[in-house]
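Asker: Structure file final28.txt, compact mmCIF, C-alpha atoms, is pasted below:
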# COMPACT_ATOMS: atom_id res chain seq x y z
CA MET H 1 6.41 -65.69 19.49
CA SER H 2 7.15 -64.26 16.07
CA GLU H 3 10.64 -64.29 14.71
CA THR H 4 12.73 -61.54 16.17
CA LYS H 5 16.20 -60.64 15.07
CA PHE H 6 18.32 -58.87 17.62
CA LEU H 7 21.89 -57.82 18.14
CA LEU H 8 23.92 -55.62 20.42
CA ALA H 9 25.95 -52.94 18.74
CA ARG H 10 28.10 -49.92 19.22
CA LYS H 11 27.21 -46.64 17.63
CA LYS H 12 30.10 -45.40 15.54
CA GLY H 13 28.76 -42.20 14.11
CA MET H 14 26.80 -40.74 11.26
CA THR H 15 27.48 -40.21 7.58
CA GLN H 16 25.55 -40.29 4.35
CA ILE H 17 25.23 -42.62 1.40
CA PHE H 18 23.83 -42.17 -2.08
CA ARG H 19 20.98 -44.07 -3.62
CA GLU H 20 21.01 -45.01 -7.29
CA ASP H 21 18.61 -42.18 -8.07
CA GLY H 22 20.99 -39.68 -6.57
CA SER H 23 19.12 -39.06 -3.34
CA VAL H 24 21.17 -38.79 -0.20
CA ILE H 25 20.37 -41.00 2.79
CA PRO H 26 21.58 -40.02 6.25
CA VAL H 27 22.77 -43.13 8.04
CA THR H 28 24.17 -44.13 11.39
CA VAL H 29 27.00 -46.63 11.33
CA LEU H 30 26.64 -49.35 13.96
CA GLU H 31 29.31 -51.89 14.74
CA ALA H 32 26.96 -54.80 15.37
CA GLY H 33 28.06 -57.96 17.08
CA PRO H 34 29.51 -60.47 17.13
CA CYS H 35 27.33 -61.57 20.03
CA THR H 36 27.46 -64.97 21.67
CA VAL H 37 24.42 -66.71 23.09
CA THR H 38 25.26 -67.19 26.75
CA GLY H 39 22.01 -68.55 28.07
CA LEU H 40 18.42 -69.44 27.35
CA ARG H 41 15.36 -68.77 29.47
CA SER H 42 12.60 -71.31 29.21
CA ASP H 43 8.97 -71.37 30.21
CA ASP H 44 9.51 -74.32 32.55
CA GLN H 45 12.37 -72.90 34.52
CA ASP H 46 11.92 -69.18 34.29
CA GLY H 47 8.35 -68.63 33.29
CA TYR H 48 9.28 -66.80 30.10
CA GLN H 49 11.28 -67.34 26.96
CA ALA H 50 14.33 -65.28 26.19
CA VAL H 51 17.81 -65.48 24.76
CA GLN H 52 20.70 -64.02 26.69
CA VAL H 53 23.58 -62.75 24.62
CA GLY H 54 26.99 -61.41 25.55
CA PHE H 55 28.80 -58.62 23.72
CA ILE H 56 32.39 -57.41 24.01
CA SER H 57 34.52 -60.00 25.78
CA ALA H 58 35.75 -58.96 29.21
CA ARG H 59 38.99 -59.63 31.02
CA GLU H 60 38.55 -61.95 33.94
CA LYS H 61 39.25 -59.35 36.60
CA HIS H 62 36.43 -57.17 35.35
CA VAL H 63 33.79 -59.84 35.79
CA ASN H 64 32.12 -60.55 39.10
CA LYS H 65 32.00 -64.05 40.45
CA ALA H 66 28.35 -64.72 39.68
CA GLN H 67 28.86 -63.87 36.05
CA LYS H 68 32.10 -65.81 35.88
CA VAL H 69 30.53 -68.97 37.29
CA ALA H 70 27.54 -68.60 35.01
CA ALA H 71 29.82 -68.23 32.00
CA GLU H 72 31.87 -71.26 33.02
CA LYS H 73 28.77 -73.37 33.47
CA ALA H 74 27.49 -72.38 30.06
CA GLY H 75 30.93 -72.96 28.57
CA VAL H 76 31.34 -69.49 27.12
CA LYS H 77 33.71 -66.62 27.68
CA PRO H 78 32.80 -63.88 30.12
CA PHE H 79 31.36 -60.73 28.54
CA ARG H 80 31.22 -57.13 29.49
CA VAL H 81 27.63 -56.74 28.39
CA LEU H 82 24.90 -59.30 28.89
CA LYS H 83 21.40 -58.69 27.67
CA GLU H 84 18.26 -60.76 27.37
CA PHE H 85 15.93 -60.56 24.40
CA ARG H 86 12.41 -61.90 24.66
CA THR H 87 11.98 -64.30 21.78
CA GLY H 88 11.40 -67.96 21.04
CA VAL H 89 14.42 -70.03 22.03
CA GLU H 90 14.03 -72.98 19.65
CA ALA H 91 16.38 -71.61 17.02
CA TYR H 92 19.14 -70.79 19.47
CA GLU H 93 21.70 -72.74 21.43
CA VAL H 94 24.29 -71.69 23.95
CA GLY H 95 27.60 -70.75 22.40
CA GLN H 96 26.05 -69.79 19.08
CA GLU H 97 27.48 -66.67 17.52
CA LEU H 98 25.26 -63.93 16.12
CA LYS H 99 26.69 -61.57 13.56
CA ALA H 100 25.71 -58.52 11.59
CA ASP H 101 24.71 -60.59 8.54
CA LEU H 102 21.63 -61.57 10.53
CA PHE H 103 20.06 -58.41 9.19
CA GLU H 104 19.17 -57.74 5.60
CA ILE H 105 18.81 -54.54 3.66
CA GLY H 106 15.30 -53.21 4.07
CA ASP H 107 14.67 -54.77 7.47
CA ILE H 108 12.67 -52.55 9.77
CA VAL H 109 14.15 -52.38 13.24
CA ASP H 110 13.81 -50.62 16.56
CA VAL H 111 17.04 -49.24 17.94
CA VAL H 112 17.33 -48.88 21.70
CA GLY H 113 20.07 -46.78 23.21
CA THR H 114 20.89 -44.48 26.09
CA SER H 115 20.59 -40.86 25.13
CA LYS H 116 23.42 -38.40 25.69
CA GLY H 117 23.46 -37.10 29.24
CA ARG H 118 22.97 -33.35 29.48
CA GLY H 119 23.23 -33.00 33.24
CA PHE H 120 21.01 -30.49 35.01
CA ALA H 121 19.33 -28.73 32.13
CA GLY H 122 17.04 -25.72 32.07
CA THR H 123 13.53 -25.64 30.69
CA ILE H 124 14.59 -24.37 27.29
CA LYS H 125 16.86 -27.30 26.52
CA ARG H 126 14.81 -29.86 28.43
CA HIS H 127 11.27 -29.02 27.39
CA GLY H 128 11.68 -26.64 24.49
CA PHE H 129 10.36 -23.59 26.34
CA SER H 130 10.80 -20.29 24.54
CA ARG H 131 13.24 -17.69 25.67
CA GLY H 132 12.66 -14.13 26.75
CA SER H 133 14.22 -11.13 25.09
CA GLU H 134 17.82 -10.31 25.96
CA THR H 135 17.21 -6.60 25.51
CA HIS H 136 14.37 -4.09 26.03
CA GLY H 137 14.71 -4.31 29.80
CA CYS H 138 13.58 -7.89 29.97
CA MET H 139 14.64 -9.69 33.14
CA ASN H 140 13.39 -13.09 32.00
CA VAL H 141 15.86 -14.52 29.52
CA ARG H 142 16.04 -18.25 30.29
CA ARG H 143 13.73 -18.41 33.30
CA PRO H 144 10.81 -20.84 33.27
CA GLY H 145 8.15 -18.20 33.98
CA ALA H 146 5.06 -18.90 36.05
CA ILE H 147 4.56 -22.42 37.36
CA GLY H 148 1.10 -22.08 38.83
CA GLN H 149 -1.82 -19.91 39.83
CA CYS H 150 -2.71 -18.17 43.13
CA ALA H 151 -4.60 -19.11 46.32
CA TYR H 152 -6.56 -21.64 44.36
CA PRO H 153 -5.13 -24.27 43.92
CA GLY H 154 -2.37 -22.84 46.13
CA ARG H 155 0.13 -25.42 44.98
CA VAL H 156 2.15 -26.40 41.97
CA PHE H 157 0.60 -29.18 39.97
CA LYS H 158 2.42 -32.47 39.76
CA GLY H 159 4.22 -33.01 36.53
CA THR H 160 4.78 -29.31 35.87
CA ARG H 161 7.72 -29.07 33.50
CA MET H 162 10.73 -27.59 35.20
CA SER H 163 14.49 -27.77 34.95
CA GLY H 164 16.28 -30.90 36.07
CA HIS H 165 18.29 -33.85 34.93
CA TYR H 166 18.01 -34.45 31.22
CA GLY H 167 19.25 -37.26 29.01
CA ALA H 168 21.16 -40.45 29.88
CA LYS H 169 17.85 -42.26 29.63
CA GLN H 170 16.79 -45.22 27.56
CA VAL H 171 15.39 -44.10 24.25
CA THR H 172 13.92 -46.23 21.46
CA VAL H 173 13.91 -45.13 17.87
CA LYS H 174 11.16 -47.11 16.21
CA ASN H 175 10.91 -48.37 12.65
CA SER H 176 14.33 -47.48 11.35
CA VAL H 177 15.28 -49.03 8.05
CA ILE H 178 18.49 -50.94 7.51
CA GLU H 179 20.19 -49.41 4.51
CA SER H 180 23.28 -51.55 4.23
CA VAL H 181 25.02 -54.46 5.92
CA ASP H 182 28.74 -55.09 5.81
CA SER H 183 29.14 -58.60 7.16
CA GLU H 184 32.89 -58.53 6.68
CA ARG H 185 33.42 -55.66 9.05
CA GLY H 186 30.30 -56.36 11.07
CA LEU H 187 28.69 -53.05 10.27
CA VAL H 188 25.02 -52.21 9.99
CA LEU H 189 23.92 -48.91 8.50
CA VAL H 190 20.60 -47.66 9.81
CA ARG H 191 18.74 -44.80 8.21
CA GLY H 192 18.51 -41.75 10.42
CA GLY H 193 19.77 -41.10 13.91
CA VAL H 194 20.31 -43.37 16.87
CA PRO H 195 20.32 -42.26 20.52
CA GLY H 196 23.57 -41.98 22.42
CA PRO H 197 27.15 -40.87 22.04
CA PRO H 198 29.74 -42.44 19.72
CA ASN H 199 30.73 -45.88 21.00
CA GLY H 200 27.49 -46.01 23.00
CA LEU H 201 25.84 -49.38 23.39
CA VAL H 202 22.64 -49.92 21.42
CA GLN H 203 20.29 -52.80 20.81
CA ILE H 204 18.98 -53.47 17.32
CA LYS H 205 15.89 -55.62 17.08
CA THR H 206 13.13 -56.32 14.63
CA ALA H 207 10.51 -53.60 14.88
CA LYS H 208 7.58 -54.37 17.13
CA THR H 209 5.11 -52.52 14.95
CA GLY H 210 5.04 -51.10 11.52
CA THR H 211 5.38 -52.63 8.09
CA LYS H 212 6.70 -51.32 4.87
CA MET M 1 41.41 -46.10 9.58
CA ASP M 2 38.32 -44.69 11.14
CA ILE M 3 35.25 -46.85 10.51
CA ILE M 4 33.19 -43.90 9.33
CA GLN M 5 35.83 -43.01 6.76
CA GLU M 6 35.92 -46.59 5.57
CA VAL M 7 32.17 -46.65 5.08
CA GLU M 8 32.31 -43.34 3.25
CA LYS M 9 35.07 -44.60 1.02
CA GLN M 10 32.89 -47.47 -0.13
CA HIS M 11 30.25 -45.07 -1.36
CA MET M 12 32.59 -42.47 -2.77
CA LYS M 13 33.79 -42.31 -6.35
CA GLU M 14 37.30 -43.56 -6.64
CA GLU M 15 38.25 -40.85 -9.04
CA THR M 16 36.59 -37.51 -9.26
CA PRO M 17 37.05 -35.18 -12.18
CA SER M 18 39.64 -32.54 -11.47
CA PHE M 19 38.62 -28.93 -11.73
CA LYS M 20 39.19 -25.84 -9.69
CA VAL M 21 37.32 -22.84 -8.45
CA GLY M 22 36.98 -20.37 -11.30
CA ASP M 23 36.92 -22.98 -14.05
CA PHE M 24 34.10 -22.93 -16.58
CA VAL M 25 32.76 -26.45 -16.58
CA LYS M 26 30.14 -28.59 -18.21
CA VAL M 27 28.41 -30.88 -15.73
CA ASP M 28 26.75 -33.90 -17.31
CA TYR M 29 23.88 -34.64 -15.02
CA LEU M 30 21.62 -37.64 -15.42
CA ILE M 31 17.96 -36.67 -15.22
CA ARG M 32 14.86 -38.76 -15.42
CA GLU M 33 12.18 -37.90 -17.92
CA GLY M 34 9.25 -40.17 -17.32
CA LYS M 35 10.82 -43.57 -17.76
CA ASP M 36 13.77 -42.47 -19.83
CA GLU M 37 17.01 -41.19 -18.49
CA ARG M 38 19.10 -38.70 -20.32
CA VAL M 39 22.13 -36.56 -19.68
CA GLN M 40 21.47 -32.90 -19.24
CA PRO M 41 24.48 -30.65 -19.40
CA TYR M 42 24.76 -27.68 -17.08
CA ILE M 43 27.36 -25.16 -18.07
CA GLY M 44 28.75 -22.50 -15.79
CA GLN M 45 31.55 -21.34 -13.57
CA VAL M 46 32.58 -23.17 -10.43
CA ILE M 47 32.40 -20.67 -7.60
CA ALA M 48 32.90 -22.85 -4.52
CA PHE M 49 33.66 -26.21 -3.05
CA SER M 50 32.31 -27.01 0.35
CA GLY M 51 32.27 -29.93 2.71
CA SER M 52 34.69 -32.80 2.76
CA GLY M 53 34.73 -36.53 2.17
CA ILE M 54 31.50 -37.92 0.81
CA ARG M 55 29.70 -34.67 1.63
CA LYS M 56 31.87 -32.57 -0.66
CA THR M 57 29.83 -30.41 -3.02
CA PHE M 58 30.55 -27.79 -5.62
CA THR M 59 28.51 -24.84 -6.77
CA VAL M 60 28.22 -23.85 -10.42
CA ARG M 61 27.01 -20.38 -11.35
CA ARG M 62 25.71 -19.26 -14.69
CA ILE M 63 23.71 -16.37 -16.03
CA VAL M 64 20.40 -17.28 -17.62
CA GLN M 65 18.39 -14.45 -19.19
CA ASN M 66 20.25 -11.90 -17.12
CA GLN M 67 19.46 -13.82 -13.98
CA GLY M 68 22.15 -15.51 -11.96
CA VAL M 69 21.51 -19.19 -11.35
CA GLU M 70 23.49 -21.38 -9.01
CA ARG M 71 23.34 -25.12 -8.68
CA THR M 72 25.11 -27.16 -6.06
CA PHE M 73 26.10 -30.71 -6.95
CA PRO M 74 27.38 -33.45 -4.68
CA LEU M 75 30.83 -34.32 -6.02
CA HIS M 76 30.32 -38.01 -5.33
CA GLY M 77 26.70 -38.16 -6.43
CA PRO M 78 25.94 -41.06 -8.77
CA ARG M 79 23.91 -38.79 -11.04
CA ILE M 80 26.93 -36.81 -12.08
CA VAL M 81 28.25 -38.57 -15.16
CA ASN M 82 31.13 -36.30 -15.93
CA VAL M 83 32.51 -32.85 -15.39
CA THR M 84 34.62 -31.37 -18.16
CA VAL M 85 36.58 -28.18 -17.92
CA GLN M 86 35.78 -25.96 -20.91
CA ARG M 87 38.22 -23.21 -20.06
CA GLY M 88 39.99 -21.76 -17.10
CA PRO M 89 39.24 -18.43 -15.45
CA ASN M 90 40.10 -15.20 -17.22
CA ARG M 91 41.98 -13.99 -14.19
CA LYS M 92 43.41 -16.14 -11.47
CA PRO M 93 40.91 -16.24 -8.59
CA ARG M 94 42.33 -14.69 -5.46
CA ARG M 95 39.95 -16.40 -3.10
CA SER M 96 38.62 -19.93 -2.64
CA ARG M 97 34.96 -19.02 -2.87
CA LEU M 98 33.81 -16.57 -5.49
CA TYR M 99 30.65 -15.44 -3.78
CA PHE M 100 31.44 -11.84 -4.65
CA LEU M 101 30.42 -12.62 -8.22
CA ARG M 102 26.82 -12.51 -7.04
CA ASP M 103 27.13 -8.78 -6.53
CA CYS M 104 28.85 -8.15 -9.83
CA SER M 105 27.16 -7.55 -13.14
CA GLY M 106 28.24 -7.13 -16.73
CA LYS M 107 31.90 -7.36 -17.47
CA SER M 108 33.04 -7.50 -13.88
CA ALA M 109 30.97 -10.66 -13.36
CA THR M 110 33.23 -12.68 -15.62
CA LEU M 111 36.21 -13.69 -13.60
Step by step, read the file and then write its structure as structure tokens.
Answerer:
Amino acid sequence: MSETKFLLARKKGMTQIFREDGSVIPVTVLEAGPCTVTGLRSDDQDGYQAVQVGFISAREKHVNKAQKVAAEKAGVKPFRVLKEFRTGVEAYEVGQELKADLFEIGDIVDVVGTSKGRGFAGTIKRHGFSRGSETHGCMNVRRPGAIGQCAYPGRVFKGTRMSGHYGAKQVTVKNSVIESVDSERGLVLVRGGVPGPPNGLVQIKTAKTGTK
Amino acid sequence: MDIIQEVEKQHMKEETPSFKVGDFVKVDYLIREGKDERVQPYIGQVIAFSGSGIRKTFTVRRIVQNQGVERTFPLHGPRIVNVTVQRGPNRKPRRSRLYFLRDCSGKSATL
């Protein structure tokens, strides 16, 4: 498998930075790592290769027994977040620490996060439907409108866009560019937006597709 | 301190030139002409500041050939070499943003 860099991070918020030529770059500040390698998955034992990393150390009482025993066996501290990344395991060993300086300026990454939950949302917010007029006697302001035809087909088609739960779903932003890395503070600045609320957990990993 | 503020501080100018709304200023702005870079001055009256932190900008208004022209500069932009105050306002501005100057002409347009 090709070399993949990955790290777990917390979204801190957005700001902007200046380039030398005066252009303004919108960036999202991510507090990336430090992550500890807590386990390796191998072809022989598990049928696939992956590296498991832990992020944000947890107090003992917040960890269930299975995780606690697994952490003890591996000789690492228990973590609040454990995540596996599919990649070659040769370069990794249990207990190794991964930090923000893994990434370099100009790296192209995919950022995976959980989008902000919007609860039960109407069709305008959820699917971008247009709105009816508020005046001129219009009774359809935020209603979805027609959802089907008449006796034929006599039913509503599957997949018809309606209101419902929106957000709080895994979202990947592909091919974001790393604009700056602050290894001292463990910060990674990614150009553009990142899904999720402030302090939300995100994964940063080398982009699957796309080259510069 | 908030992490965002720390990041912004790194990219902000440590010292910004001091000038106020109403001042007539000369903004030395670095422009690129082909391969060369040169400083182009832009002279006018500061009519507003807006934003805060690294996003703070100021708007400079001047009259060119009887046509009002406004340019907004990022205060912390690296292209801004210097801002010098040429003279203060004729009258003390009574508000923080002098947008009313847009509707004035002739003598009343010179605050």
Asker: Write out as a Markdown table a residue-level contact list of chain H versus chain M with cut-off 9 Å: for each qualifying residue the closest pair of atoms and the distance in Å to one decimal, counting all atoms listed in the file, rows sorted by chain and residue number upward.
Answerer:
| residue | atom | partner | partner_atom | distance |
| --- | --- | --- | --- | --- |
| H:Lys12 | CA | M:Ile4 | CA | 7.1 |
| H:Gly13 | CA | M:Ile4 | CA | 6.7 |
| H:Met14 | CA | M:Ile4 | CA | 7.4 |
| H:Thr15 | CA | M:Ile4 | CA | 7.0 |
| H:Gln16 | CA | M:Ile54 | CA | 7.3 |
| H:Ile17 | CA | M:His11 | CA | 6.2 |
| H:Phe18 | CA | M:Gly77 | CA | 6.6 |
| H:Arg19 | CA | M:Pro78 | CA | 7.8 |
| H:Glu20 | CA | M:Pro78 | CA | 6.5 |
| H:Asp21 | CA | M:Arg79 | CA | 7.0 |
| H:Gly22 | CA | M:Arg79 | CA | 5.4 |
| H:Ser23 | CA | M:Gly77 | CA | 8.2 |
| H:Val24 | CA | M:Gly77 | CA | 8.4 |
| H:Val29 | CA | M:Ile4 | CA | 7.1 |
| H:Glu31 | CA | M:Ile3 | CA | 8.9 |
| H:Leu187 | CA | M:Val7 | CA | 8.9 |
Asker: Env of Ile105 (chain H): 10 Å cut, atoms = all atoms listed in the file, seq-sep filter 6 positions within chain, self excluded. Answer as a list in words.
Answerer: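 Returned residues: Val177, Ile178, Glu179, Ser180, Val181, Val188, Leu189 and Val190 of chain H.
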Asker: Provide the CA of Met139 (chain H) to CA of Pro153 (chain H) distance in Å, to one decimal place.
Answerer: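 Computing it gives 26.8 Å between the two atoms.
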Asker: Nearest residue to Pro89 (chain M) out of M:Gln45, M:Ser18, M:Thr72, M:Gln40, using only C-alpha atoms?
Answerer: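 Among the listed residues, the smallest separation from Pro89 (chain M) belongs to M:Gln45.
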Asker: Would you please work out which residue, of H:Arg10, H:His62, H:Lys116, H:Lys73, is nearest to Cys35 (chain H) when using only C-alpha atoms?
Answerer: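 Of H:Arg10, H:His62, H:Lys116, H:Lys73, the one nearest Cys35 (chain H), counting only C-alpha atoms, is H:Arg10.
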Asker: Closest to Lys9 (chain M) among M:Lys26, M:Ser52, M:Ile47, M:Arg38, using only C-alpha atoms?
Answerer: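 Ranking M:Lys26, M:Ser52, M:Ile47, M:Arg38 by distance to Lys9 (chain M), first place goes to M:Ser52.
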Asker: Interatomic distance between CA of Glu72 (chain H) and CA of Arg59 (chain H)?
Answerer: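 Taking CA of Glu72 (chain H) as the start and CA of Arg59 (chain H) as the end point, the length is 13.8 Å.
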Asker: May I ask for the distance between CA of Gly164 (chain H) and CA of Gly113 (chain H), given in Å to one decimal place?
Answerer: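 Separation of CA of Gly164 (chain H) and CA of Gly113 (chain H): 20.8 Å.
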Asker: May I have the residues at most 9 Å from (27.9, -28.9, -11.8) in the file's coordinates, counting all atoms listed in the file, as a PyMOL selection string?
Answerer: chain M and resi 25-29+41-46+58-61+71-75+80+83
Asker: Nearest to Arg86 (chain H) among H:Val51, H:Ala58, H:Leu30, H:Leu8, with distances taken over only C-alpha atoms: which residue is it?
Answerer: H:Val51
Asker: In the coordinates of the file, take the point (36.7, -23.1, -3.7) and a cut-off of 8 Å; then, counting all atoms listed in the file, name each qualifying protein, DNA or RNA residue as a list in words.
Answerer: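 Every residue inside that radius is included here: Lys20, Val21, Val46, Ile47, Ala48, Phe49, Ser50, Phe58, Arg95, Ser96, Arg97 and Leu98 of chain M.
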Asker: Please determine, counting all atoms listed in the file, which residue among H:Gln45, H:Ser183, H:Ser115, H:Thr36 has the shortest atom-to-atom distance to Pro197 (chain H).
Answerer: H:Ser115
Asker: Go through H:Gln49, H:Gln96, H:Gly39, H:Asp110 one by one, measure the shortest atom-to-atom distance of each to Ala70 (chain H) using all atoms listed in the file, and give the residue with the smallest value.
Answerer: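 Selected residue with least distance to Ala70 (chain H): H:Gly39.
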Asker: How would region 127-189 of chain H of the given structure read as a file with C-alpha atoms, as a short mmCIF file (atom, residue, chain, number, x, y, z; two decimals), in the first residue's frame?
Answerer:
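Dumped everything to decode_20.cif:
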data_model
loop_
_atom_site.label_atom_id
_atom_site.label_comp_id
_atom_site.auth_asym_id
_atom_site.auth_seq_id
_atom_site.Cartn_x
_atom_site.Cartn_y
_atom_site.Cartn_z
CA HIS H 127 -32.28 19.72 0.13
CA GLY H 128 -32.13 23.35 -0.93
CA PHE H 129 -35.74 23.53 -2.10
CA SER H 130 -37.00 26.99 -2.94
CA ARG H 131 -39.48 28.80 -0.80
CA GLY H 132 -42.91 30.10 -1.66
CA SER H 133 -43.94 33.72 -1.35
CA GLU H 134 -44.82 35.02 2.09
CA THR H 135 -47.36 37.44 0.67
CA HIS H 136 -49.83 37.60 -2.25
CA GLY H 137 -52.11 35.04 -0.61
CA CYS H 138 -49.62 32.23 -0.91
CA MET H 139 -50.27 29.36 1.48
CA ASN H 140 -47.08 27.50 0.59
CA VAL H 141 -44.17 29.20 2.31
CA ARG H 142 -41.86 26.40 3.44
CA ARG H 143 -43.91 23.38 2.36
CA PRO H 144 -42.31 20.75 0.13
CA GLY H 145 -44.98 20.95 -2.59
CA ALA H 146 -46.08 17.93 -4.61
CA ILE H 147 -44.34 14.63 -3.96
CA GLY H 148 -45.85 12.54 -6.70
CA GLN H 149 -48.38 12.13 -9.48
CA CYS H 150 -51.93 10.67 -9.51
CA ALA H 151 -53.47 7.21 -9.99
CA TYR H 152 -50.46 6.19 -11.98
CA PRO H 153 -48.07 5.36 -10.31
CA GLY H 154 -50.36 5.82 -7.29
CA ARG H 155 -47.46 5.91 -4.88
CA VAL H 156 -44.58 8.08 -3.85
CA PHE H 157 -41.31 7.09 -5.42
CA LYS H 158 -38.56 5.84 -3.19
CA GLY H 159 -35.88 8.36 -2.51
CA THR H 160 -38.18 11.35 -2.93
CA ARG H 161 -36.56 14.22 -1.07
CA MET H 162 -38.52 15.15 2.00
CA SER H 163 -37.90 16.63 5.42
CA GLY H 164 -36.14 14.57 8.04
CA HIS H 165 -33.01 14.24 10.07
CA TYR H 166 -30.15 16.26 8.67
CA GLY H 167 -26.48 16.44 9.60
CA ALA H 168 -24.50 14.56 12.27
CA LYS H 169 -23.27 12.33 9.49
CA GLN H 170 -19.78 11.44 8.37
CA VAL H 171 -18.56 13.86 5.75
CA THR H 172 -15.26 13.84 3.86
CA VAL H 173 -13.73 16.96 2.42
CA LYS H 174 -11.39 15.78 -0.29
CA ASN H 175 -8.13 17.29 -1.48
CA SER H 176 -7.65 20.02 1.06
CA VAL H 177 -4.25 21.63 1.12
CA ILE H 178 -2.19 22.01 4.26
CA GLU H 179 -1.22 25.65 4.52
CA SER H 180 0.82 25.65 7.68
CA VAL H 181 2.05 23.32 10.41
CA ASP H 182 2.91 24.41 13.92
CA SER H 183 4.69 21.43 15.42
CA GLU H 184 5.27 23.22 18.70
CA ARG H 185 1.61 23.64 19.44
CA GLY H 186 0.55 20.64 17.38
CA LEU H 187 -1.55 22.68 15.00
CA VAL H 188 -2.31 22.00 11.36
CA LEU H 189 -3.90 24.68 9.21
#
